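Chemist: Let me give you the structure first, and then I'll get to my questions.
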Amino acid sequence: MRKSWIVALAALAPLYAENIVIQNATILTVTKGTLQGSVVIKDGKIAEIGEKVMMPQNSTIVDAGGQYIIPGIIDCHSHIAVDGSVNEGSVSVSSMVNIKDVINPEDISIYRALAGGVTTANILHGSANPIGGQTLVLKMRWGKDAQGLIFEGAVPGIKFALGENPKRPGNPQGGRGATPTTARYPATRMGVEDTIREALNEAKAYKAEWDEYGAKTARGEHPIPPRKDLKLESLKEVLEGKRYVHAHCYREDEILMLLRVADDYGFKIRTLQHVLEGYKVAQEIAASGTGASTFSDWWAFKIEAFDAIPYNAAVMQKKGIVVSLNSDDEELMRHLNTEAAKAMKYGGLSETDALAMVTINPARQLGIDSRVGSLEAGKDADLVIYDKDPLSDFAKVQKVWIDGHLYFDRETDVNGRPAKALEKQKLIDKEKQSQPKSAGGRRPA
Amino acid sequence: MAGSRNFLFGSNRPFFGGVFGAAFAVRRKGVTVFFMRKLVPALLLLCAWAIAENPRTLAIRNAKIVTVSGPVLGKGTVVVRNGLIEAVGENLAVPAGAWTIDGEGMTVYPGLIDSLSTVGIPSLAVAPAPAGRGGRGQSTPTQTPTPATTPATAATPAPPAKGPEDRPATTSWVLAADEIDPSDHRIESVRSAGFTTTVTFPARGIFGGQGSIIDLASAEHAGEMVVVPAVGQYLAVSRGGGFGGFGAGFPNSLMGYIAYIRQIYLDAEHYRLVQEAYAHSPRGMERPPYDRALEGVIESKRILLPANRVVEMDRMLRFAAELKQPAILYGMREAYRAEAALLLKKYGSPVLVSMHWNEAPRDPDPEADRTMRSLENIDQGPAAPALLQNAGVPFALYSDGLDQPRDLQRAVKKAIDAGLARPDAIRALTLSPAEIYGVADRMGSIEVGKIANLVVTKGDLFDDHTQIQMIFVDGKQYKPAPEPPAGGGRGATEEPGASQ
């Protein structure tokens, strides 16, 4: 069943952006307040939002009477749409690998994320290594090929990871030294820091080599270029501020450690991911200008997650950190709206501030807030219609547009199910008929 | 035995009687006088017998000839001399002294070419499995085991690779031609299915090594079988994965494989630069190290990349373009999908389609949720060749581990039943692979001057009841092995004169 949606959705998404006017909705812009009125979509962008709007010619009218519109949800931490393992776990520094090489546009999780109102996601490498692989931001353009999913112009990232996950391979089952050939340094938090510093030292030397080469060629010399090293190339970009660091972390000590390391090497950590003890060091995080992307109320799943509190997001927000709530999970990804709502319960955030944690805040963290994250004229027409208040448990996504294209329509989906089930049953029946009858024909009763 | 020969070869060959008579004479008399009187004529007769069994010149007359490159000849003659096709046409005179085969009721085809094989390298008797089977987000059913991650050096366990510098699972310098073992029993098996030629790859590891075009003759020395020693580099990737991979060597994920391959090509480019600079003026320059992995990559004129799903085709075509390498994709289980043909047309890379079609699982779990895609792959997979043909995508078929004649014939028949025209099916196993590997100037069709690789059948090649009568490799005749009885066992069926 899963993959048959592609065809339906490919047909559903129009080939060209059309003019659309969504009327009579409660519009939660996130950055410009909430109003009753219309959204005008023109050429894939939001043209106008207001109680009264100019109707472009030849526009499709969508009546959203009694319904709610929010900007498309942005998940700052996801591992969907990846072919093969999300971890290159063989080495402590796997910065040579790139999620961009293994995008799987046919992963059904993309469609399911859409059905949960997600339009953009930060697709990360796993947390098996102190320095992990290169990452990128995708739009959930279900039905497009791999290139078609890439969020054009978004700054690429790299995954760092601290704590238990990256040090676990240094402590193989049976104790350290039990399998000396396969145990992987580091085995401690100290080792994690050392690994990161060593790699950055290498990257600095590598950068110097290339800088020297650049200077020589600028002087008109013709030196042999240095060897291009994919592992160090991405770290060189980190040092140059051209690649965002998204760092998996839990404990306050390791958070402070990483902020110091970044300081020492002259770059900024873009986001701390998970950061469950962020509330303990919120001032320091805020002072460093680092974003925090956390869980709403998910904790105690391992030792380093024992000190988590559900007030984390709200506390960090109030200390001036840009905070987002992420899923790190293909199921949780489908209801990030209720994850946001939990920040109202725990911490008493306003509806707008809560919603910001899954829309404009992750957009800021990913450097894409000029394009997405709120409903404003000029931004990408990435928006979601809910039948009820999106911060309610009972709200269901009705329609999702990305770049002004309708990518999910609940009604079309539900109505299309019997035909798809039939199509599938036909193939199963055909297969049964074509199979030779088994000789002997004895089957257990 | 003699009777059947006379039937096949016409009645103008009196040698058998003579030779057998001489042999009997040896047994009966067995005295010195015999040697004095009979030795010389007997030796002469034996020589004549040897030439007759493996004549320098032979002609097949009155046969239907499927030339592939030109029109089908209803009643034609093929003349073979010194292992090459000397003449082909209707109303041709048979040269004097040629060994003549009456082809009445028979059809002559060019010998089939298996465009991706491991035949001839007995240690690789498992299929070269395309990558991307099973696992997370995966829609292609698993069918054959994948040897992709087994390095050639598995016999001497190396410590796990710590990065690209350790050149994991890389034997790019290996030539299949150097590993050919004429005693590989699969040679006879696939030849019996009409394959006279394989493009054999040392299909192990990431950079497995370079493929060679091999004529499936019974040779004493492997070198005699080699048509072209190096036609391209075999690459494989694996999805890798999960926590099982922690601590194992690099690479251990699909993205790791891709990163490794990318790094190798970057290194190769740099290596070439540095080596050139050093060759130009070694004095005063630090000597660059020799790297056989990069040498092997640099000398490969094209690469074979695995792709089954459309997503993988897209990925690998982009990757080949990035690496600036002429590429052939292999696997192609989803090539029946409309978007595949569009994609392949856009890039123009030729493809090798596995004939190991997806098959319905036996006794599937009725509760299991089978994806629409997996059902479609089974239902429509064999339609891929027909669709590629219609779209104008250059393609060839390959055996993908099938090595029993019956299985191979059935596999081709499936593609024909799914819409592939017979002439196109034959082309995909003859001239198309020859073109893809750039050897259409010497094989792939029945044309003057090409290698005399021929298959002679009664009936259409891929019909259920068609019998292959003879196979000629480099002009030498072979008879197909009888189908092995169920449960194993191979018949020893080689023609007595064939291995000379």
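Chain lettering (A, B, ...) mirrors the order of the structure tokens, residue numbering begins at 1 for each chain separately, and ligand numbering begins at 1 in order of display.
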Define the interface residues of chain A facing chain B as those within 9 Å, counting only C-alpha atoms, and report them as a ChimeraX atom specification.
Modeler: /A:1-4,80-91,94,96-109,128,133,145-146,169-170,172,181-184,224-230,423-424,427-428,430-432,435
Chemist: Fewer than 3 positions away in the same chain doesn't count, so skip those; otherwise give me all residues within 9 Å of Leu258 of chain A, counting only C-alpha atoms, as a list in words.
Modeler: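 Returned residues: Leu162, Glu193, Ala247, Asp253, Glu254, Ile255, Val261, Ala262, Asp263 and Ile269 of chain A.
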Chemist: Rank A:Ile385, A:Met54, A:Val192, A:Leu391 by their smallest atom-to-atom distance to Lys342 of chain A, using only C-alpha atoms, and report the top residue only.
Modeler: A:Leu391
Chemist: For Pro326 of chain B, please output as a PyMOL selection string all residues within 9 Å (counting only C-alpha atoms; exclusion window: fewer than 4 positions along the same chain).
Modeler: chain B and resi 301-304+320-321+349
Chemist: Please save N, CA and C atoms of the selected residues as a CSV table (one decimal), in the first residue's frame.
Modeler:
```
chain,number,residue,atom,x,y,z
B,301,LYS,N,38.4,1.9,-17.8
B,301,LYS,CA,37.8,2.8,-18.8
B,301,LYS,C,36.3,3.1,-18.5
B,302,ARG,N,35.7,2.3,-17.7
B,302,ARG,CA,34.3,2.6,-17.3
B,302,ARG,C,34.0,2.0,-16.0
B,303,ILE,N,32.9,2.4,-15.4
B,303,ILE,CA,32.5,1.8,-14.1
B,303,ILE,C,31.1,1.2,-14.2
B,304,LEU,N,31.0,0.1,-13.5
B,304,LEU,CA,29.7,-0.6,-13.3
B,304,LEU,C,29.1,-0.2,-11.9
B,320,ALA,N,27.8,9.1,-11.1
B,320,ALA,CA,28.7,8.8,-12.2
B,320,ALA,C,29.0,10.1,-12.9
B,321,ALA,N,28.0,11.0,-13.0
B,321,ALA,CA,28.2,12.3,-13.7
B,321,ALA,C,29.2,13.1,-12.8
B,349,SER,N,23.1,6.5,-20.1
B,349,SER,CA,24.0,5.4,-19.8
B,349,SER,C,23.3,4.1,-20.1
```
Chemist: Go through segment 229-371 of chain B and collect every residue that DSSP, computed from the backbone, puts in alpha helix (DSSP H); the answer should be as a VMD selection string.
Modeler: chain B and resid 254 to 280 292 to 298 310 to 323 338 to 347
